[in-house]
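Q: Structure incoming, see below.
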Amino acid sequence: MKKLVVYYSLDGNTKFIAQAIAEAVGADILELKPKKEPNAKSPMKYLWGGRQVLMKEKPELKHFDTNPQDYDCLFIGTPVWAWTYAPALATFFTMGNLKGKKIALFCCSGGGKGKTLEKMKEQLSGNEFIGEMDFVEPLKQDKEQNAVLAAQWAKQIGNS
Ligand SMILES: Cc1cc2nc3c(=O)[nH]c(=O)nc-3n(C[C@H](O)[C@H](O)[C@H](O)COP(=O)(O)O)c2cc1C
């Protein structure tokens, strides 16, 4: 089964988990990179990102060569922005037209994930959901323990 980890990350938390998953199950990685992004260190990112979510924006992404259609199983990860998935994922969902795939979802939040994973599922109907997992600021809290948890979770579902 060919596996791909697709994710967006502004501050590195989702990236950290994505890498732990990819390493654990031998998956390829596709990082979604919007052409325009706020400075991750600036508090303005909350206003900027929250506005993007509210306006339901689909930011243009930098070109990537990986074709998600070539994979059987996708792990899709996002930071939580305004209680939902980040706009880069909204763009990906319109591009992907994914059907009949095995999909596992994960998110990183500050503790209020809202209905992020449910909203992702709505955008990915026609696929089989094989797992979901959420993390709270994994780079700040028990970093290594979170990497272990992510790897265990991924192995368990990636081999099912
Ligand atoms: C624009 C923006 C909106 C956010 N909204 C939420 C939120 O609604 N709930 C929450 O728990 N955390 C929220 N956060 C915090 C991030 O989800 C959290 O820091 C996450 O770990 C960041 O992932 P990343 O490092 O991969 O970018 C928000 C962060 C940003 C930049």
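Scheme for the structure tokens: letters A, B, ... for chains in order shown; per-chain residue numbers from 1; ligand numbers from 1 in order shown.
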Given only C-alpha atoms and all ligand atoms, how would the per-residue table for chain A near ligand 1 read, listing every residue at most 10 Å away with its closest atom pair and distance in Å to one decimal, sorted by chain and number, as JSON lines?
A:
{"residue": "A:Tyr7", "atom": "CA", "partner": "ligand 1", "partner_atom_place_in_ligand_line": "26 (O)", "distance": 8.5}
{"residue": "A:Tyr8", "atom": "CA", "partner": "ligand 1", "partner_atom_place_in_ligand_line": "26 (O)", "distance": 6.6}
{"residue": "A:Ser9", "atom": "CA", "partner": "ligand 1", "partner_atom_place_in_ligand_line": "26 (O)", "distance": 3.6}
{"residue": "A:Leu10", "atom": "CA", "partner": "ligand 1", "partner_atom_place_in_ligand_line": "27 (O)", "distance": 3.6}
{"residue": "A:Asp11", "atom": "CA", "partner": "ligand 1", "partner_atom_place_in_ligand_line": "25 (O)", "distance": 3.2}
{"residue": "A:Gly12", "atom": "CA", "partner": "ligand 1", "partner_atom_place_in_ligand_line": "25 (O)", "distance": 3.9}
{"residue": "A:Asn13", "atom": "CA", "partner": "ligand 1", "partner_atom_place_in_ligand_line": "25 (O)", "distance": 3.6}
{"residue": "A:Thr14", "atom": "CA", "partner": "ligand 1", "partner_atom_place_in_ligand_line": "26 (O)", "distance": 3.6}
{"residue": "A:Lys15", "atom": "CA", "partner": "ligand 1", "partner_atom_place_in_ligand_line": "26 (O)", "distance": 5.7}
{"residue": "A:Phe16", "atom": "CA", "partner": "ligand 1", "partner_atom_place_in_ligand_line": "26 (O)", "distance": 7.7}
{"residue": "A:Ile17", "atom": "CA", "partner": "ligand 1", "partner_atom_place_in_ligand_line": "26 (O)", "distance": 8.5}
{"residue": "A:Ala18", "atom": "CA", "partner": "ligand 1", "partner_atom_place_in_ligand_line": "26 (O)", "distance": 9.3}
{"residue": "A:Pro38", "atom": "CA", "partner": "ligand 1", "partner_atom_place_in_ligand_line": "31 (C)", "distance": 8.8}
{"residue": "A:Asn39", "atom": "CA", "partner": "ligand 1", "partner_atom_place_in_ligand_line": "31 (C)", "distance": 9.7}
{"residue": "A:Ala40", "atom": "CA", "partner": "ligand 1", "partner_atom_place_in_ligand_line": "31 (C)", "distance": 7.5}
{"residue": "A:Lys41", "atom": "CA", "partner": "ligand 1", "partner_atom_place_in_ligand_line": "31 (C)", "distance": 9.6}
{"residue": "A:Ser42", "atom": "CA", "partner": "ligand 1", "partner_atom_place_in_ligand_line": "31 (C)", "distance": 9.3}
{"residue": "A:Pro43", "atom": "CA", "partner": "ligand 1", "partner_atom_place_in_ligand_line": "31 (C)", "distance": 8.2}
{"residue": "A:Met44", "atom": "CA", "partner": "ligand 1", "partner_atom_place_in_ligand_line": "1 (C)", "distance": 8.5}
{"residue": "A:Lys45", "atom": "CA", "partner": "ligand 1", "partner_atom_place_in_ligand_line": "31 (C)", "distance": 5.2}
{"residue": "A:Tyr46", "atom": "CA", "partner": "ligand 1", "partner_atom_place_in_ligand_line": "1 (C)", "distance": 3.8}
{"residue": "A:Leu47", "atom": "CA", "partner": "ligand 1", "partner_atom_place_in_ligand_line": "1 (C)", "distance": 6.3}
{"residue": "A:Trp48", "atom": "CA", "partner": "ligand 1", "partner_atom_place_in_ligand_line": "1 (C)", "distance": 6.4}
{"residue": "A:Gly49", "atom": "CA", "partner": "ligand 1", "partner_atom_place_in_ligand_line": "1 (C)", "distance": 3.7}
{"residue": "A:Gly50", "atom": "CA", "partner": "ligand 1", "partner_atom_place_in_ligand_line": "1 (C)", "distance": 4.7}
{"residue": "A:Arg51", "atom": "CA", "partner": "ligand 1", "partner_atom_place_in_ligand_line": "1 (C)", "distance": 7.9}
{"residue": "A:Gln52", "atom": "CA", "partner": "ligand 1", "partner_atom_place_in_ligand_line": "1 (C)", "distance": 8.2}
{"residue": "A:Val53", "atom": "CA", "partner": "ligand 1", "partner_atom_place_in_ligand_line": "1 (C)", "distance": 8.1}
{"residue": "A:Gly77", "atom": "CA", "partner": "ligand 1", "partner_atom_place_in_ligand_line": "26 (O)", "distance": 8.6}
{"residue": "A:Thr78", "atom": "CA", "partner": "ligand 1", "partner_atom_place_in_ligand_line": "26 (O)", "distance": 6.6}
{"residue": "A:Pro79", "atom": "CA", "partner": "ligand 1", "partner_atom_place_in_ligand_line": "23 (O)", "distance": 4.1}
{"residue": "A:Val80", "atom": "CA", "partner": "ligand 1", "partner_atom_place_in_ligand_line": "17 (O)", "distance": 3.8}
{"residue": "A:Trp81", "atom": "CA", "partner": "ligand 1", "partner_atom_place_in_ligand_line": "5 (N)", "distance": 3.5}
{"residue": "A:Ala82", "atom": "CA", "partner": "ligand 1", "partner_atom_place_in_ligand_line": "8 (O)", "distance": 3.4}
{"residue": "A:Trp83", "atom": "CA", "partner": "ligand 1", "partner_atom_place_in_ligand_line": "8 (O)", "distance": 3.7}
{"residue": "A:Thr84", "atom": "CA", "partner": "ligand 1", "partner_atom_place_in_ligand_line": "8 (O)", "distance": 6.7}
{"residue": "A:Tyr85", "atom": "CA", "partner": "ligand 1", "partner_atom_place_in_ligand_line": "17 (O)", "distance": 8.9}
{"residue": "A:Ala86", "atom": "CA", "partner": "ligand 1", "partner_atom_place_in_ligand_line": "1 (C)", "distance": 7.9}
{"residue": "A:Pro87", "atom": "CA", "partner": "ligand 1", "partner_atom_place_in_ligand_line": "1 (C)", "distance": 9.6}
{"residue": "A:Cys107", "atom": "CA", "partner": "ligand 1", "partner_atom_place_in_ligand_line": "23 (O)", "distance": 7.9}
{"residue": "A:Cys108", "atom": "CA", "partner": "ligand 1", "partner_atom_place_in_ligand_line": "21 (O)", "distance": 4.4}
{"residue": "A:Ser109", "atom": "CA", "partner": "ligand 1", "partner_atom_place_in_ligand_line": "17 (O)", "distance": 3.4}
{"residue": "A:Gly110", "atom": "CA", "partner": "ligand 1", "partner_atom_place_in_ligand_line": "11 (O)", "distance": 3.4}
{"residue": "A:Gly111", "atom": "CA", "partner": "ligand 1", "partner_atom_place_in_ligand_line": "11 (O)", "distance": 4.0}
{"residue": "A:Gly112", "atom": "CA", "partner": "ligand 1", "partner_atom_place_in_ligand_line": "11 (O)", "distance": 3.4}
{"residue": "A:Lys113", "atom": "CA", "partner": "ligand 1", "partner_atom_place_in_ligand_line": "11 (O)", "distance": 5.0}
{"residue": "A:Gly114", "atom": "CA", "partner": "ligand 1", "partner_atom_place_in_ligand_line": "9 (N)", "distance": 7.0}
{"residue": "A:Lys115", "atom": "CA", "partner": "ligand 1", "partner_atom_place_in_ligand_line": "8 (O)", "distance": 9.8}
{"residue": "A:Thr116", "atom": "CA", "partner": "ligand 1", "partner_atom_place_in_ligand_line": "8 (O)", "distance": 9.0}
{"residue": "A:Asp134", "atom": "CA", "partner": "ligand 1", "partner_atom_place_in_ligand_line": "21 (O)", "distance": 9.9}
{"residue": "A:Phe135", "atom": "CA", "partner": "ligand 1", "partner_atom_place_in_ligand_line": "21 (O)", "distance": 7.6}
{"residue": "A:Val136", "atom": "CA", "partner": "ligand 1", "partner_atom_place_in_ligand_line": "21 (O)", "distance": 6.2}
{"residue": "A:Glu137", "atom": "CA", "partner": "ligand 1", "partner_atom_place_in_ligand_line": "21 (O)", "distance": 4.3}
{"residue": "A:Pro138", "atom": "CA", "partner": "ligand 1", "partner_atom_place_in_ligand_line": "21 (O)", "distance": 6.8}
{"residue": "A:Leu139", "atom": "CA", "partner": "ligand 1", "partner_atom_place_in_ligand_line": "21 (O)", "distance": 7.8}
{"residue": "A:Lys140", "atom": "CA", "partner": "ligand 1", "partner_atom_place_in_ligand_line": "21 (O)", "distance": 8.8}
Q: Could you save the residues just selected, with C-alpha atoms, as a PDB file, in the first residue's frame?
A:
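What ended up in part11.pdb:
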ATOM      1  CA  TYR A   7       0.191  18.569   5.538  1.00  0.00           C
ATOM      2  CA  TYR A   8       0.395  22.299   6.027  1.00  0.00           C
ATOM      3  CA  SER A   9       2.260  23.871   8.934  1.00  0.00           C
ATOM      4  CA  LEU A  10       3.041  27.491   9.777  1.00  0.00           C
ATOM      5  CA  ASP A  11       4.830  27.078  13.127  1.00  0.00           C
ATOM      6  CA  GLY A  12       6.270  23.584  12.716  1.00  0.00           C
ATOM      7  CA  ASN A  13       4.012  21.504  14.981  1.00  0.00           C
ATOM      8  CA  THR A  14       2.105  19.759  12.214  1.00  0.00           C
ATOM      9  CA  LYS A  15       5.353  19.340  10.302  1.00  0.00           C
ATOM     10  CA  PHE A  16       6.942  17.631  13.294  1.00  0.00           C
ATOM     11  CA  ILE A  17       4.048  15.162  13.589  1.00  0.00           C
ATOM     12  CA  ALA A  18       3.919  14.629   9.813  1.00  0.00           C
ATOM     13  CA  PRO A  38       2.408  35.611   7.383  1.00  0.00           C
ATOM     14  CA  ASN A  39       5.544  35.719   9.474  1.00  0.00           C
ATOM     15  CA  ALA A  40       5.124  32.799  11.909  1.00  0.00           C
ATOM     16  CA  LYS A  41       6.712  34.896  14.684  1.00  0.00           C
ATOM     17  CA  SER A  42       4.322  37.838  14.322  1.00  0.00           C
ATOM     18  CA  PRO A  43       1.099  38.000  16.362  1.00  0.00           C
ATOM     19  CA  MET A  44      -0.481  39.404  13.177  1.00  0.00           C
ATOM     20  CA  LYS A  45      -0.666  35.827  11.953  1.00  0.00           C
ATOM     21  CA  TYR A  46      -3.808  35.278  14.072  1.00  0.00           C
ATOM     22  CA  LEU A  47      -5.653  38.175  12.434  1.00  0.00           C
ATOM     23  CA  TRP A  48      -4.382  37.310   8.983  1.00  0.00           C
ATOM     24  CA  GLY A  49      -5.150  33.603   9.266  1.00  0.00           C
ATOM     25  CA  GLY A  50      -8.468  34.066  11.057  1.00  0.00           C
ATOM     26  CA  ARG A  51      -9.581  36.408   8.302  1.00  0.00           C
ATOM     27  CA  GLN A  52      -8.598  33.879   5.627  1.00  0.00           C
ATOM     28  CA  VAL A  53     -10.725  31.237   7.337  1.00  0.00           C
ATOM     29  CA  GLY A  77      -2.681  16.964   8.722  1.00  0.00           C
ATOM     30  CA  THR A  78      -3.447  20.579   9.551  1.00  0.00           C
ATOM     31  CA  PRO A  79      -3.013  23.127  12.294  1.00  0.00           C
ATOM     32  CA  VAL A  80      -6.346  24.265  13.734  1.00  0.00           C
ATOM     33  CA  TRP A  81      -7.175  27.798  12.609  1.00  0.00           C
ATOM     34  CA  ALA A  82     -10.342  29.367  13.995  1.00  0.00           C
ATOM     35  CA  TRP A  83     -11.668  25.915  14.993  1.00  0.00           C
ATOM     36  CA  THR A  84     -11.230  24.441  11.546  1.00  0.00           C
ATOM     37  CA  TYR A  85      -8.568  23.318   9.043  1.00  0.00           C
ATOM     38  CA  ALA A  86      -6.099  25.872   7.621  1.00  0.00           C
ATOM     39  CA  PRO A  87      -6.923  27.509   4.270  1.00  0.00           C
ATOM     40  CA  CYS A 107      -4.461  18.113  13.595  1.00  0.00           C
ATOM     41  CA  CYS A 108      -2.419  20.255  15.970  1.00  0.00           C
ATOM     42  CA  SER A 109      -4.099  22.909  18.057  1.00  0.00           C
ATOM     43  CA  GLY A 110      -3.667  25.117  21.065  1.00  0.00           C
ATOM     44  CA  GLY A 111      -6.287  23.043  22.869  1.00  0.00           C
ATOM     45  CA  GLY A 112      -9.498  23.990  21.051  1.00  0.00           C
ATOM     46  CA  LYS A 113      -9.780  21.835  17.962  1.00  0.00           C
ATOM     47  CA  GLY A 114     -13.493  22.475  17.481  1.00  0.00           C
ATOM     48  CA  LYS A 115     -14.888  20.382  14.656  1.00  0.00           C
ATOM     49  CA  THR A 116     -11.733  20.475  12.544  1.00  0.00           C
ATOM     50  CA  ASP A 134      -5.187  15.324  17.529  1.00  0.00           C
ATOM     51  CA  PHE A 135      -2.226  16.885  19.267  1.00  0.00           C
ATOM     52  CA  VAL A 136      -1.931  19.959  21.499  1.00  0.00           C
ATOM     53  CA  GLU A 137       1.161  22.068  20.739  1.00  0.00           C
ATOM     54  CA  PRO A 138       3.399  19.016  20.362  1.00  0.00           C
ATOM     55  CA  LEU A 139       6.587  21.060  20.049  1.00  0.00           C
ATOM     56  CA  LYS A 140       5.938  22.751  23.399  1.00  0.00           C
TER      57      LYS A 140
END
Q: What gap, in Å, lies between CA of Thr66 (chain A) and CA of Val5 (chain A)?
A: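 For CA of Thr66 (chain A) relative to CA of Val5 (chain A), the distance reads 10.9 Å.
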Q: I'd like the neighbourhood of Val6 (chain A) as a VMD selection string, where a residue qualifies if any of its atoms comes within 9 Å (using only C-alpha atoms), though same-chain residues fewer than 4 positions away should be ignored.
A: chain A and resid 18 28 to 32 68 74 to 78
Q: Take the residues from that selection and write them out as a tab-separated table (two decimals), in the first residue's frame, keeping N, CA and C atoms.
A:
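part.tsv, freshly written:
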chain	number	residue	atom	x	y	z
A	18	ALA	N	3.94	15.22	11.16
A	18	ALA	CA	3.92	14.63	9.81
A	18	ALA	C	5.20	13.82	9.58
A	28	ASP	N	5.71	8.75	1.75
A	28	ASP	CA	6.22	9.97	1.12
A	28	ASP	C	5.57	11.17	1.81
A	29	ILE	N	6.13	12.35	1.59
A	29	ILE	CA	5.62	13.57	2.22
A	29	ILE	C	5.30	14.62	1.17
A	30	LEU	N	4.17	15.26	1.34
A	30	LEU	CA	3.82	16.43	0.53
A	30	LEU	C	3.49	17.58	1.47
A	31	GLU	N	4.36	18.59	1.50
A	31	GLU	CA	4.08	19.77	2.31
A	31	GLU	C	3.39	20.82	1.43
A	32	LEU	N	2.24	21.28	1.86
A	32	LEU	CA	1.52	22.32	1.13
A	32	LEU	C	2.09	23.67	1.52
A	68	PRO	N	-1.31	13.02	-5.41
A	68	PRO	CA	-1.96	12.22	-4.36
A	68	PRO	C	-2.75	11.04	-4.93
A	74	LEU	N	-3.68	7.98	2.57
A	74	LEU	CA	-3.17	9.34	2.84
A	74	LEU	C	-3.40	9.72	4.29
A	75	PHE	N	-2.35	10.23	4.91
A	75	PHE	CA	-2.45	10.88	6.22
A	75	PHE	C	-2.50	12.37	5.93
A	76	ILE	N	-3.57	13.04	6.36
A	76	ILE	CA	-3.71	14.46	6.05
A	76	ILE	C	-3.74	15.27	7.35
A	77	GLY	N	-2.82	16.23	7.46
A	77	GLY	CA	-2.68	16.96	8.72
A	77	GLY	C	-2.74	18.47	8.56
A	78	THR	N	-3.29	19.11	9.58
A	78	THR	CA	-3.45	20.58	9.55
A	78	THR	C	-3.30	21.17	10.95
Q: Can you list every residue in chain A that DSSP puts in helix (DSSP H, G or I), as a count of residues only?
A: 61
Q: Tell me which of A:Glu60, A:Thr91, A:Ala104, A:Gln19 sits closest to Met133 (chain A), counting only C-alpha atoms.
A: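 Counting only C-alpha atoms, the residue closest to Met133 (chain A) is A:Ala104.
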Q: Could you tell me which of A:Leu124, A:Met1, A:Ala22, A:Met55 comes closest to Phe92 (chain A) if we count only C-alpha atoms?
A: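 Going through A:Leu124, A:Met1, A:Ala22, A:Met55 one by one, the smallest distance to Phe92 (chain A) is for A:Leu124.
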Q: Check the smallest atom-to-atom distance from each of A:Leu98, A:Leu4, A:Ala90, A:Leu105 to Glu23 (chain A) using only C-alpha atoms, then report the winner.
A: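 Under the stated criterion, the closest residue is A:Leu4.
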Q: Using only C-alpha atoms, which of A:Phe93, A:Lys101, A:Gly131, A:Trp153 sits nearest Lys119 (chain A)?
A: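 When distances to Lys119 (chain A) are compared using only C-alpha atoms, the smallest one comes from A:Phe93.
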Q: Report, in Å with one decimal, the straight-line distance from CA of Ala150 (chain A) to CA of Phe64 (chain A).
A: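 Straight-line distance from CA of Ala150 (chain A) to CA of Phe64 (chain A) works out to 25.2 Å.
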Q: Using only C-alpha atoms, which residue out of A:Cys73, A:Leu61, A:Ile103, A:Val148 lies closest to Ala27 (chain A)?
A: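 Of A:Cys73, A:Leu61, A:Ile103, A:Val148, the one nearest Ala27 (chain A), counting only C-alpha atoms, is A:Cys73.
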Q: Could you check how far CA of Ala20 (chain A) sits from CA of Lys2 (chain A), in Å to one decimal?
A: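 Straight-line distance from CA of Ala20 (chain A) to CA of Lys2 (chain A) works out to 16.9 Å.
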Q: Report as a VMD selection string: the residues of chain A with a DSSP assignment of strand (DSSP E), based on the backbone of this structure.
A: chain A and resid 3 to 7 28 to 31 73 to 81 84 to 85 102 to 109 128 to 136
Q: Got time to write the residues from that selection, N, CA and C atoms, as a CSV table (one decimal), in the first residue's frame?
A:
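selection-v3.csv was written with the following content:
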chain,number,residue,atom,x,y,z
A,3,LYS,N,1.8,5.0,0.6
A,3,LYS,CA,1.3,6.0,1.6
A,3,LYS,C,1.9,7.4,1.4
A,4,LEU,N,1.1,8.4,1.7
A,4,LEU,CA,1.5,9.7,1.5
A,4,LEU,C,1.0,10.5,2.7
A,5,VAL,N,1.9,11.4,3.3
A,5,VAL,CA,1.5,12.3,4.3
A,5,VAL,C,1.4,13.7,3.7
A,6,VAL,N,0.2,14.3,3.7
A,6,VAL,CA,0.0,15.6,3.2
A,6,VAL,C,-0.2,16.5,4.4
A,7,TYR,N,0.4,17.7,4.4
A,7,TYR,CA,0.2,18.6,5.5
A,7,TYR,C,0.5,20.0,5.2
A,28,ASP,N,5.7,8.8,1.7
A,28,ASP,CA,6.2,10.0,1.1
A,28,ASP,C,5.6,11.2,1.8
A,29,ILE,N,6.1,12.3,1.6
A,29,ILE,CA,5.6,13.6,2.2
A,29,ILE,C,5.3,14.6,1.2
A,30,LEU,N,4.2,15.3,1.3
A,30,LEU,CA,3.8,16.4,0.5
A,30,LEU,C,3.5,17.6,1.5
A,31,GLU,N,4.4,18.6,1.5
A,31,GLU,CA,4.1,19.8,2.3
A,31,GLU,C,3.4,20.8,1.4
A,73,CYS,N,-3.2,5.3,0.5
A,73,CYS,CA,-3.5,5.7,1.9
A,73,CYS,C,-2.9,7.1,2.1
A,74,LEU,N,-3.7,8.0,2.6
A,74,LEU,CA,-3.2,9.3,2.8
A,74,LEU,C,-3.4,9.7,4.3
A,75,PHE,N,-2.3,10.2,4.9
A,75,PHE,CA,-2.5,10.9,6.2
A,75,PHE,C,-2.5,12.4,5.9
A,76,ILE,N,-3.6,13.0,6.4
A,76,ILE,CA,-3.7,14.5,6.1
A,76,ILE,C,-3.7,15.3,7.4
A,77,GLY,N,-2.8,16.2,7.5
A,77,GLY,CA,-2.7,17.0,8.7
A,77,GLY,C,-2.7,18.5,8.6
A,78,THR,N,-3.3,19.1,9.6
A,78,THR,CA,-3.4,20.6,9.6
A,78,THR,C,-3.3,21.2,10.9
A,79,PRO,N,-2.8,22.4,11.0
A,79,PRO,CA,-3.0,23.1,12.3
A,79,PRO,C,-4.5,23.6,12.4
A,80,VAL,N,-5.0,23.7,13.6
A,80,VAL,CA,-6.3,24.3,13.7
A,80,VAL,C,-6.3,25.8,13.6
A,81,TRP,N,-7.0,26.3,12.7
A,81,TRP,CA,-7.2,27.8,12.6
A,81,TRP,C,-8.6,28.1,12.8
A,84,THR,N,-11.1,25.3,12.7
A,84,THR,CA,-11.2,24.4,11.5
A,84,THR,C,-9.9,24.2,10.9
A,85,TYR,N,-9.8,23.6,9.7
A,85,TYR,CA,-8.6,23.3,9.0
A,85,TYR,C,-8.0,24.6,8.4
A,102,LYS,N,-7.9,5.4,1.4
A,102,LYS,CA,-7.9,5.2,2.9
A,102,LYS,C,-7.3,6.5,3.4
A,103,ILE,N,-8.0,7.1,4.3
A,103,ILE,CA,-7.6,8.4,4.8
A,103,ILE,C,-7.5,8.5,6.4
A,104,ALA,N,-6.4,8.9,6.9
A,104,ALA,CA,-6.3,9.2,8.3
A,104,ALA,C,-6.0,10.7,8.5
A,105,LEU,N,-6.7,11.2,9.5
A,105,LEU,CA,-6.6,12.7,9.7
A,105,LEU,C,-5.9,13.0,11.0
A,106,PHE,N,-5.2,14.1,11.0
A,106,PHE,CA,-4.6,14.6,12.3
A,106,PHE,C,-4.5,16.1,12.3
A,107,CYS,N,-4.6,16.7,13.5
A,107,CYS,CA,-4.5,18.1,13.6
A,107,CYS,C,-3.7,18.5,14.8
A,108,CYS,N,-3.1,19.7,14.8
A,108,CYS,CA,-2.4,20.3,16.0
A,108,CYS,C,-3.1,21.5,16.3
A,109,SER,N,-3.4,21.7,17.6
A,109,SER,CA,-4.1,22.9,18.1
A,109,SER,C,-3.5,23.5,19.3
A,128,GLU,N,-12.5,6.3,2.6
A,128,GLU,CA,-12.7,5.5,3.8
A,128,GLU,C,-11.8,6.1,4.9
A,129,PHE,N,-12.4,6.5,6.0
A,129,PHE,CA,-11.6,7.1,7.1
A,129,PHE,C,-11.1,6.0,8.1
A,130,ILE,N,-9.8,5.9,8.2
A,130,ILE,CA,-9.2,4.8,8.9
A,130,ILE,C,-8.6,5.2,10.3
A,131,GLY,N,-8.7,6.5,10.6
A,131,GLY,CA,-8.2,6.9,11.9
A,131,GLY,C,-8.1,8.4,12.0
A,132,GLU,N,-8.1,8.9,13.2
A,132,GLU,CA,-7.9,10.3,13.5
A,132,GLU,C,-7.2,10.5,14.8
A,133,MET,N,-6.5,11.6,14.9
A,133,MET,CA,-5.7,11.9,16.1
A,133,MET,C,-5.4,13.4,16.2
A,134,ASP,N,-5.5,13.9,17.4
A,134,ASP,CA,-5.2,15.3,17.5
A,134,ASP,C,-4.1,15.5,18.6
A,135,PHE,N,-3.3,16.6,18.4
A,135,PHE,CA,-2.2,16.9,19.3
A,135,PHE,C,-2.4,18.3,19.7
A,136,VAL,N,-1.9,18.6,21.0
A,136,VAL,CA,-1.9,20.0,21.5
A,136,VAL,C,-0.5,20.4,21.6
Q: Taking 4 positions as the minimum chain separation for residues in the same chain, which residues sit within 9 Å of Gly100 (chain A) when counting only C-alpha atoms? Answer as a list of chain:residue names.
A: A:Asp72, A:Gly126, A:Asn127, A:Glu128
